[in-house]
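Next comes input-v4.txt, with compact mmCIF, C-alpha atoms.
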# COMPACT_ATOMS: atom_id res chain seq x y z
CA MET S 1194 232.61 200.93 -7.45
CA VAL S 1195 230.82 199.77 -4.29
CA ARG S 1196 228.10 202.37 -4.91
CA LEU S 1197 227.56 201.02 -8.46
CA GLN S 1198 227.36 197.43 -7.17
CA ARG S 1199 224.73 198.46 -4.61
CA ARG S 1200 222.70 200.21 -7.31
CA VAL S 1201 222.89 197.18 -9.58
CA ALA S 1202 221.96 194.86 -6.70
CA ALA S 1203 219.01 197.11 -5.79
CA ALA S 1204 217.84 197.19 -9.41
CA VAL S 1205 218.10 193.41 -9.70
CA ALA S 1206 216.15 193.01 -6.44
CA VAL S 1207 213.39 195.28 -7.75
CA VAL S 1208 213.17 193.37 -11.05
CA LEU S 1209 213.12 189.98 -9.27
CA ALA S 1210 210.49 191.15 -6.80
CA ALA S 1211 208.32 192.46 -9.63
CA ALA S 1212 208.68 189.26 -11.64
CA GLY S 1213 208.05 187.08 -8.60
CA GLY S 1214 205.01 189.11 -7.65
CA SER S 1215 203.48 188.85 -11.08
CA LEU S 1216 204.22 185.13 -11.33
CA ALA S 1217 202.81 184.37 -7.89
CA ALA S 1218 199.72 186.53 -8.29
CA GLY S 1219 197.80 183.91 -10.30
CA PRO S 1220 195.00 184.65 -12.74
CA SER S 1221 193.55 188.15 -12.96
CA PRO S 1222 190.19 188.90 -11.29
CA GLY S 1223 188.53 189.20 -14.69
CA PRO S 1224 184.89 190.13 -15.28
CA LEU S 1225 183.33 188.49 -12.18
CA THR S 1226 182.85 190.43 -8.97
CA VAL S 1227 182.34 188.54 -5.70
CA GLY S 1228 180.35 190.53 -3.14
CA GLY S 1229 179.87 194.20 -3.12
CA ALA S 1230 180.86 195.21 0.37
CA ARG S 1231 184.10 195.05 2.25
CA GLY S 1232 184.09 194.45 5.97
CA GLU S 1233 183.64 191.67 8.48
CA THR S 1234 180.66 189.54 9.42
CA CYS S 1235 180.42 187.49 12.60
CA THR S 1236 177.96 184.62 12.80
CA PRO S 1237 177.29 182.82 16.07
CA SER S 1238 177.40 179.04 15.84
CA ALA S 1239 178.51 176.14 18.01
CA GLU S 1240 181.70 174.28 17.18
CA GLY S 1241 180.96 171.53 14.66
CA LYS S 1242 177.81 173.29 13.39
CA GLY S 1243 177.48 174.70 9.90
CA VAL S 1244 176.64 178.22 8.84
CA GLY S 1245 176.27 179.76 5.41
CA PHE S 1246 177.32 183.06 3.92
CA GLY S 1247 175.90 184.60 0.79
CA GLU S 1248 177.74 186.95 -1.56
CA PRO S 1249 176.27 188.45 -4.73
CA LEU S 1250 178.01 187.65 -8.01
CA GLN S 1251 178.16 190.17 -10.85
CA LEU S 1252 179.38 189.07 -14.29
CA SER S 1253 180.32 191.88 -16.67
CA ALA S 1254 181.46 189.65 -19.54
CA THR S 1255 179.56 189.13 -22.78
CA ALA S 1256 180.17 185.36 -22.61
CA PRO S 1257 179.11 182.87 -19.90
CA ALA S 1258 181.39 182.03 -16.97
CA THR S 1259 181.90 178.51 -15.59
CA ILE S 1260 182.77 178.17 -11.90
CA GLU S 1261 185.81 175.90 -11.51
CA SER S 1262 186.43 176.09 -7.73
CA VAL S 1263 185.51 177.95 -4.57
CA ALA S 1264 187.85 178.36 -1.59
CA LEU S 1265 188.18 180.31 1.63
CA VAL S 1266 191.19 182.62 1.72
CA GLY S 1267 193.33 182.55 4.87
CA ALA S 1268 190.95 180.19 6.65
CA SER S 1269 191.58 179.13 10.24
CA GLY S 1270 189.13 176.85 12.03
CA LEU S 1271 186.68 176.83 9.08
CA ALA S 1272 186.16 174.31 6.30
CA ILE S 1273 183.80 174.55 3.32
CA SER S 1274 181.11 171.87 3.33
CA GLU S 1275 178.94 173.05 0.38
CA THR S 1276 178.80 175.85 -2.18
CA TYR S 1277 175.74 176.81 -4.20
CA ILE S 1278 174.66 179.29 -6.82
CA VAL S 1279 171.32 180.75 -5.72
CA PRO S 1280 169.03 182.82 -7.95
CA ASP S 1281 168.45 186.22 -6.38
CA VAL S 1282 164.70 186.26 -6.94
CA ASP S 1283 163.88 189.02 -4.44
CA HIS S 1284 167.06 191.12 -4.91
CA LEU S 1285 167.82 190.83 -1.19
CA GLY S 1286 170.58 188.23 -1.54
CA VAL S 1287 171.28 185.28 0.71
CA GLY S 1288 172.89 186.80 3.83
CA THR S 1289 173.99 184.47 6.65
CA TYR S 1290 172.08 181.39 7.78
CA LEU S 1291 172.31 178.14 9.74
CA ALA S 1292 173.34 175.44 7.27
CA ASP S 1293 170.88 172.82 8.55
CA GLU S 1294 167.99 175.28 8.00
CA GLY S 1295 169.01 176.62 4.58
CA ALA S 1296 168.86 180.24 3.51
CA GLY S 1297 165.08 180.34 3.23
CA THR S 1298 165.15 182.87 0.38
CA PRO S 1299 162.71 182.56 -2.55
CA GLY S 1300 165.53 181.35 -4.82
CA TRP S 1301 166.83 178.71 -2.37
CA ALA S 1302 164.72 175.88 -3.87
CA LYS S 1303 166.40 176.56 -7.25
CA ARG S 1304 169.98 176.51 -5.93
CA MET S 1305 172.60 174.45 -7.78
CA PRO S 1306 176.12 173.30 -6.87
CA ALA S 1307 178.55 176.16 -7.49
CA VAL S 1308 181.37 174.12 -9.04
CA GLY S 1309 180.46 173.48 -12.65
CA ALA S 1310 177.68 176.09 -12.67
CA VAL S 1311 177.48 178.25 -15.79
CA LEU S 1312 176.61 181.90 -15.19
CA GLU S 1313 175.16 184.06 -17.92
CA PRO S 1314 175.96 187.80 -17.95
CA SER S 1315 172.30 188.60 -17.27
CA ASP S 1316 172.02 186.24 -14.24
CA ASP S 1317 171.13 187.80 -10.90
CA VAL S 1318 172.69 185.29 -8.49
CA SER S 1319 174.53 184.88 -5.23
CA ILE S 1320 177.07 182.32 -4.12
CA ALA S 1321 176.16 180.59 -0.86
CA THR S 1322 179.11 179.04 0.95
CA GLU S 1323 178.41 176.71 3.85
CA VAL S 1324 181.23 176.20 6.34
CA LEU S 1325 181.83 174.08 9.42
CA ARG S 1326 183.43 175.66 12.46
CA LEU S 1327 186.27 173.36 13.55
CA ASP S 1328 187.82 175.37 16.40
CA ASP S 1329 186.95 177.87 19.16
CA VAL S 1330 186.85 180.62 16.56
CA GLY S 1331 186.73 180.18 12.80
CA THR S 1332 187.93 182.92 10.48
CA ALA S 1333 188.60 183.58 6.81
CA VAL S 1334 189.75 186.75 5.08
CA GLY S 1335 187.69 186.22 1.95
CA LEU S 1336 186.11 183.93 -0.60
CA ARG S 1337 187.99 183.04 -3.82
CA VAL S 1338 186.15 181.92 -6.94
CA ARG S 1339 188.12 180.47 -9.85
CA TYR S 1340 186.25 180.50 -13.13
CA THR S 1341 186.66 180.50 -16.90
CA VAL S 1342 185.20 182.74 -19.57
CA ALA S 1343 185.77 181.83 -23.23
CA GLY S 1344 188.63 179.48 -22.26
CA THR S 1345 190.50 182.02 -20.08
CA GLU S 1346 190.90 181.30 -16.36
CA TYR S 1347 190.25 184.04 -13.82
CA GLU S 1348 190.18 184.32 -10.06
CA ALA S 1349 187.97 186.75 -8.13
CA THR S 1350 188.18 187.28 -4.38
CA GLY S 1351 185.50 188.93 -2.28
CA GLY S 1352 186.31 191.59 0.30
CA MET S 1353 184.17 190.28 3.16
CA ARG S 1354 185.97 188.75 6.16
CA TYR S 1355 184.19 185.93 8.00
CA ARG S 1356 184.20 185.08 11.71
CA VAL S 1357 182.27 182.24 13.38
CA GLU S 1358 182.23 181.74 17.16
CA ASP S 1359 179.87 180.93 20.04
CA SER S 1360 178.82 184.53 20.56
CA CYS S 1361 179.59 187.58 18.48
CA TYR S 1362 178.50 190.10 21.10
Could you express the structure from this file as structure tokens?
Amino acid sequence: MVRLQRRVAAAVAVVLAAAGGSLAAGPSPGPLTVGGARGETCTPSAEGKGVGFGEPLQLSATAPATIESVALVGASGLAISETYIVPDVDHLGVGTYLADEGAGTPGWAKRMPAVGAVLEPSDDVSIATEVLRLDDVGTAVGLRVRYTVAGTEYEATGGMRYRVEDSCY
């Protein structure tokens, strides 16, 4: 009898864990890809100074996507100050940059605020996220973009980890 109770308890725990995991997971990633590379980037910057990170966006839907929000995942000592959609005119992307200088790419002059931006499937764009370093070291484990396509909400998270400190070397 005790063995049966343990098996039932284990089965219930598995079902609850599975249901809780699927309920807590949020929207699916959907047809938008944030970034292309996984890894970590370190950008040197003084505390209180802003830096920007660029990540390519790839939309595989047949309908446009509207950006609803942009957030850092697992951020510590970093806060978003601005987010932009930047046309990738030269196919080199945005990279990292000092926020007060801008990215300096050919598409920079045509940037638009990310939230509310409508992306077409054929658009060749990057998302530029400017952050302020608020502590000795600022870190984030990724960039999350919430968006809608044809009335369905999705959430895509990039695989690049960010680190901002006085010196990266």
Counting only C-alpha atoms, write as a PDB file with C-alpha atoms, in the frame of the given file all protein and nucleic acid residues lying at most 10 Å from (170.3, 178.4, -9.7) in the file's frame.
ATOM      1  CA  TYR S1277     175.740 176.810  -4.200  1.00  0.00           C
ATOM      2  CA  ILE S1278     174.660 179.290  -6.820  1.00  0.00           C
ATOM      3  CA  VAL S1279     171.320 180.750  -5.720  1.00  0.00           C
ATOM      4  CA  PRO S1280     169.030 182.820  -7.950  1.00  0.00           C
ATOM      5  CA  ASP S1281     168.450 186.220  -6.380  1.00  0.00           C
ATOM      6  CA  GLY S1300     165.530 181.350  -4.820  1.00  0.00           C
ATOM      7  CA  TRP S1301     166.830 178.710  -2.370  1.00  0.00           C
ATOM      8  CA  ALA S1302     164.720 175.880  -3.870  1.00  0.00           C
ATOM      9  CA  LYS S1303     166.400 176.560  -7.250  1.00  0.00           C
ATOM     10  CA  ARG S1304     169.980 176.510  -5.930  1.00  0.00           C
ATOM     11  CA  MET S1305     172.600 174.450  -7.780  1.00  0.00           C
ATOM     12  CA  PRO S1306     176.120 173.300  -6.870  1.00  0.00           C
ATOM     13  CA  ALA S1307     178.550 176.160  -7.490  1.00  0.00           C
ATOM     14  CA  ALA S1310     177.680 176.090 -12.670  1.00  0.00           C
ATOM     15  CA  VAL S1311     177.480 178.250 -15.790  1.00  0.00           C
ATOM     16  CA  LEU S1312     176.610 181.900 -15.190  1.00  0.00           C
ATOM     17  CA  ASP S1316     172.020 186.240 -14.240  1.00  0.00           C
ATOM     18  CA  ASP S1317     171.130 187.800 -10.900  1.00  0.00           C
ATOM     19  CA  VAL S1318     172.690 185.290  -8.490  1.00  0.00           C
ATOM     20  CA  SER S1319     174.530 184.880  -5.230  1.00  0.00           C
ATOM     21  CA  ILE S1320     177.070 182.320  -4.120  1.00  0.00           C
TER      22      ILE S1320
END
CA of Arg1337 (chain S) to CA of Ile1273 (chain S): how many Å, to one decimal?
->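 Atom-to-atom, CA of Arg1337 (chain S) to CA of Ile1273 (chain S), that is 11.9 Å.
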Distance query region 1249-1261 of chain S at most 6 Å, all atoms listed in the file, self and fewer than 6 positions along chain excluded, as a VMD selection string = chain S and resid 1224 to 1228 1308 to 1314 1318 to 1319 1339 to 1342
Shell around region 1236-1244 of chain S at 9 Å using only C-alpha atoms, local window under 6 positions removed, as a ChimeraX atom specification | /S:1274,1289-1293,1295,1322-1331,1355-1362
From the list S:Cys1235, S:Val1266, S:Ala1272, S:Ala1230, which residue is nearest Gly1335 (chain S) when using all atoms listed in the file?
-> S:Val1266
Of the residues S:Thr1345, S:Val1338, S:Met1353, S:Ala1333, which is the one nearest to Gly1270 (chain S), using all atoms listed in the file?
->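 With all atoms listed in the file as the atom set, the closest residue is S:Ala1333.
Counting from CA of Glu1348 (chain S), the distance to CA of Thr1234 (chain S) is 22.3 Å.
In this structure, CA of Glu1233 (chain S) sits 8.6 Å away from CA of Gly1352 (chain S).
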Once you've located region 1218-1247 of chain S in the structure I gave, write it as a PDB file, in the first residue's frame, keeping N, CA and C atoms.
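Everything below was put into out.pdb:
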ATOM      1  N   ALA S1218       5.637  29.240 -18.362  1.00  0.00           N
ATOM      2  CA  ALA S1218       6.559  29.466 -19.458  1.00  0.00           C
ATOM      3  C   ALA S1218       6.226  30.707 -20.273  1.00  0.00           C
ATOM      4  N   GLY S1219       4.973  31.157 -20.268  1.00  0.00           N
ATOM      5  CA  GLY S1219       4.597  32.340 -21.033  1.00  0.00           C
ATOM      6  C   GLY S1219       4.387  32.003 -22.501  1.00  0.00           C
ATOM      7  N   PRO S1220       4.301  33.049 -23.312  1.00  0.00           N
ATOM      8  CA  PRO S1220       4.063  32.839 -24.746  1.00  0.00           C
ATOM      9  C   PRO S1220       5.210  32.078 -25.403  1.00  0.00           C
ATOM     10  N   SER S1221       4.902  31.423 -26.513  1.00  0.00           N
ATOM     11  CA  SER S1221       5.940  30.693 -27.249  1.00  0.00           C
ATOM     12  C   SER S1221       6.862  31.681 -27.955  1.00  0.00           C
ATOM     13  N   PRO S1222       8.059  31.245 -28.382  1.00  0.00           N
ATOM     14  CA  PRO S1222       8.973  32.147 -29.072  1.00  0.00           C
ATOM     15  C   PRO S1222       8.427  32.635 -30.410  1.00  0.00           C
ATOM     16  N   GLY S1223       7.623  31.825 -31.066  1.00  0.00           N
ATOM     17  CA  GLY S1223       7.008  32.249 -32.318  1.00  0.00           C
ATOM     18  C   GLY S1223       7.993  32.434 -33.452  1.00  0.00           C
ATOM     19  N   PRO S1224       7.602  33.230 -34.456  1.00  0.00           N
ATOM     20  CA  PRO S1224       8.389  33.332 -35.686  1.00  0.00           C
ATOM     21  C   PRO S1224       9.504  34.385 -35.687  1.00  0.00           C
ATOM     22  N   LEU S1225       9.779  35.022 -34.552  1.00  0.00           N
ATOM     23  CA  LEU S1225      10.841  36.035 -34.494  1.00  0.00           C
ATOM     24  C   LEU S1225      12.055  35.465 -33.778  1.00  0.00           C
ATOM     25  N   THR S1226      13.214  35.623 -34.388  1.00  0.00           N
ATOM     26  CA  THR S1226      14.468  35.202 -33.775  1.00  0.00           C
ATOM     27  C   THR S1226      15.249  36.444 -33.376  1.00  0.00           C
ATOM     28  N   VAL S1227      15.716  36.463 -32.126  1.00  0.00           N
ATOM     29  CA  VAL S1227      16.530  37.566 -31.616  1.00  0.00           C
ATOM     30  C   VAL S1227      17.979  37.097 -31.592  1.00  0.00           C
ATOM     31  N   GLY S1228      18.834  37.780 -32.349  1.00  0.00           N
ATOM     32  CA  GLY S1228      20.249  37.408 -32.392  1.00  0.00           C
ATOM     33  C   GLY S1228      20.461  36.177 -33.229  1.00  0.00           C
ATOM     34  N   GLY S1229      21.691  35.821 -33.353  1.00  0.00           N
ATOM     35  CA  GLY S1229      22.007  34.626 -34.104  1.00  0.00           C
ATOM     36  C   GLY S1229      23.061  33.815 -33.376  1.00  0.00           C
ATOM     37  N   ALA S1230      23.769  34.482 -32.500  1.00  0.00           N
ATOM     38  CA  ALA S1230      24.863  33.824 -31.788  1.00  0.00           C
ATOM     39  C   ALA S1230      24.529  33.692 -30.312  1.00  0.00           C
ATOM     40  N   ARG S1231      25.088  32.677 -29.719  1.00  0.00           N
ATOM     41  CA  ARG S1231      25.019  32.513 -28.277  1.00  0.00           C
ATOM     42  C   ARG S1231      26.403  32.823 -27.752  1.00  0.00           C
ATOM     43  N   GLY S1232      26.483  33.308 -26.551  1.00  0.00           N
ATOM     44  CA  GLY S1232      27.790  33.615 -25.977  1.00  0.00           C
ATOM     45  C   GLY S1232      27.686  34.774 -25.016  1.00  0.00           C
ATOM     46  N   GLU S1233      28.817  35.427 -24.778  1.00  0.00           N
ATOM     47  CA  GLU S1233      28.836  36.567 -23.866  1.00  0.00           C
ATOM     48  C   GLU S1233      29.650  37.688 -24.486  1.00  0.00           C
ATOM     49  N   THR S1234      29.171  38.909 -24.310  1.00  0.00           N
ATOM     50  CA  THR S1234      29.908  40.080 -24.751  1.00  0.00           C
ATOM     51  C   THR S1234      30.167  40.963 -23.539  1.00  0.00           C
ATOM     52  N   CYS S1235      31.375  41.488 -23.452  1.00  0.00           N
ATOM     53  CA  CYS S1235      31.725  42.415 -22.382  1.00  0.00           C
ATOM     54  C   CYS S1235      32.057  43.755 -23.021  1.00  0.00           C
ATOM     55  N   THR S1236      31.451  44.806 -22.513  1.00  0.00           N
ATOM     56  CA  THR S1236      31.677  46.146 -23.032  1.00  0.00           C
ATOM     57  C   THR S1236      32.175  47.028 -21.907  1.00  0.00           C
ATOM     58  N   PRO S1237      33.351  47.636 -22.070  1.00  0.00           N
ATOM     59  CA  PRO S1237      33.848  48.522 -21.021  1.00  0.00           C
ATOM     60  C   PRO S1237      33.100  49.854 -21.017  1.00  0.00           C
ATOM     61  N   SER S1238      32.706  50.279 -19.818  1.00  0.00           N
ATOM     62  CA  SER S1238      32.018  51.558 -19.662  1.00  0.00           C
ATOM     63  C   SER S1238      32.034  51.938 -18.190  1.00  0.00           C
ATOM     64  N   ALA S1239      32.136  53.216 -17.920  1.00  0.00           N
ATOM     65  CA  ALA S1239      32.122  53.712 -16.547  1.00  0.00           C
ATOM     66  C   ALA S1239      30.717  53.592 -15.958  1.00  0.00           C
ATOM     67  N   GLU S1240      30.660  53.453 -14.643  1.00  0.00           N
ATOM     68  CA  GLU S1240      29.369  53.402 -13.954  1.00  0.00           C
ATOM     69  C   GLU S1240      28.593  54.671 -14.257  1.00  0.00           C
ATOM     70  N   GLY S1241      27.314  54.534 -14.571  1.00  0.00           N
ATOM     71  CA  GLY S1241      26.462  55.672 -14.900  1.00  0.00           C
ATOM     72  C   GLY S1241      26.485  56.051 -16.368  1.00  0.00           C
ATOM     73  N   LYS S1242      27.355  55.422 -17.156  1.00  0.00           N
ATOM     74  CA  LYS S1242      27.442  55.700 -18.594  1.00  0.00           C
ATOM     75  C   LYS S1242      26.640  54.654 -19.357  1.00  0.00           C
ATOM     76  N   GLY S1243      26.152  55.045 -20.512  1.00  0.00           N
ATOM     77  CA  GLY S1243      25.344  54.147 -21.318  1.00  0.00           C
ATOM     78  C   GLY S1243      26.127  53.479 -22.429  1.00  0.00           C
ATOM     79  N   VAL S1244      25.765  52.253 -22.703  1.00  0.00           N
ATOM     80  CA  VAL S1244      26.299  51.513 -23.843  1.00  0.00           C
ATOM     81  C   VAL S1244      25.124  50.872 -24.577  1.00  0.00           C
ATOM     82  N   GLY S1245      25.354  50.535 -25.822  1.00  0.00           N
ATOM     83  CA  GLY S1245      24.313  49.893 -26.612  1.00  0.00           C
ATOM     84  C   GLY S1245      24.776  48.572 -27.169  1.00  0.00           C
ATOM     85  N   PHE S1246      23.824  47.669 -27.329  1.00  0.00           N
ATOM     86  CA  PHE S1246      24.067  46.350 -27.893  1.00  0.00           C
ATOM     87  C   PHE S1246      23.118  46.162 -29.062  1.00  0.00           C
ATOM     88  N   GLY S1247      23.606  45.631 -30.140  1.00  0.00           N
ATOM     89  CA  GLY S1247      22.751  45.337 -31.278  1.00  0.00           C
ATOM     90  C   GLY S1247      22.593  43.847 -31.476  1.00  0.00           C
TER      91      GLY S1247
END
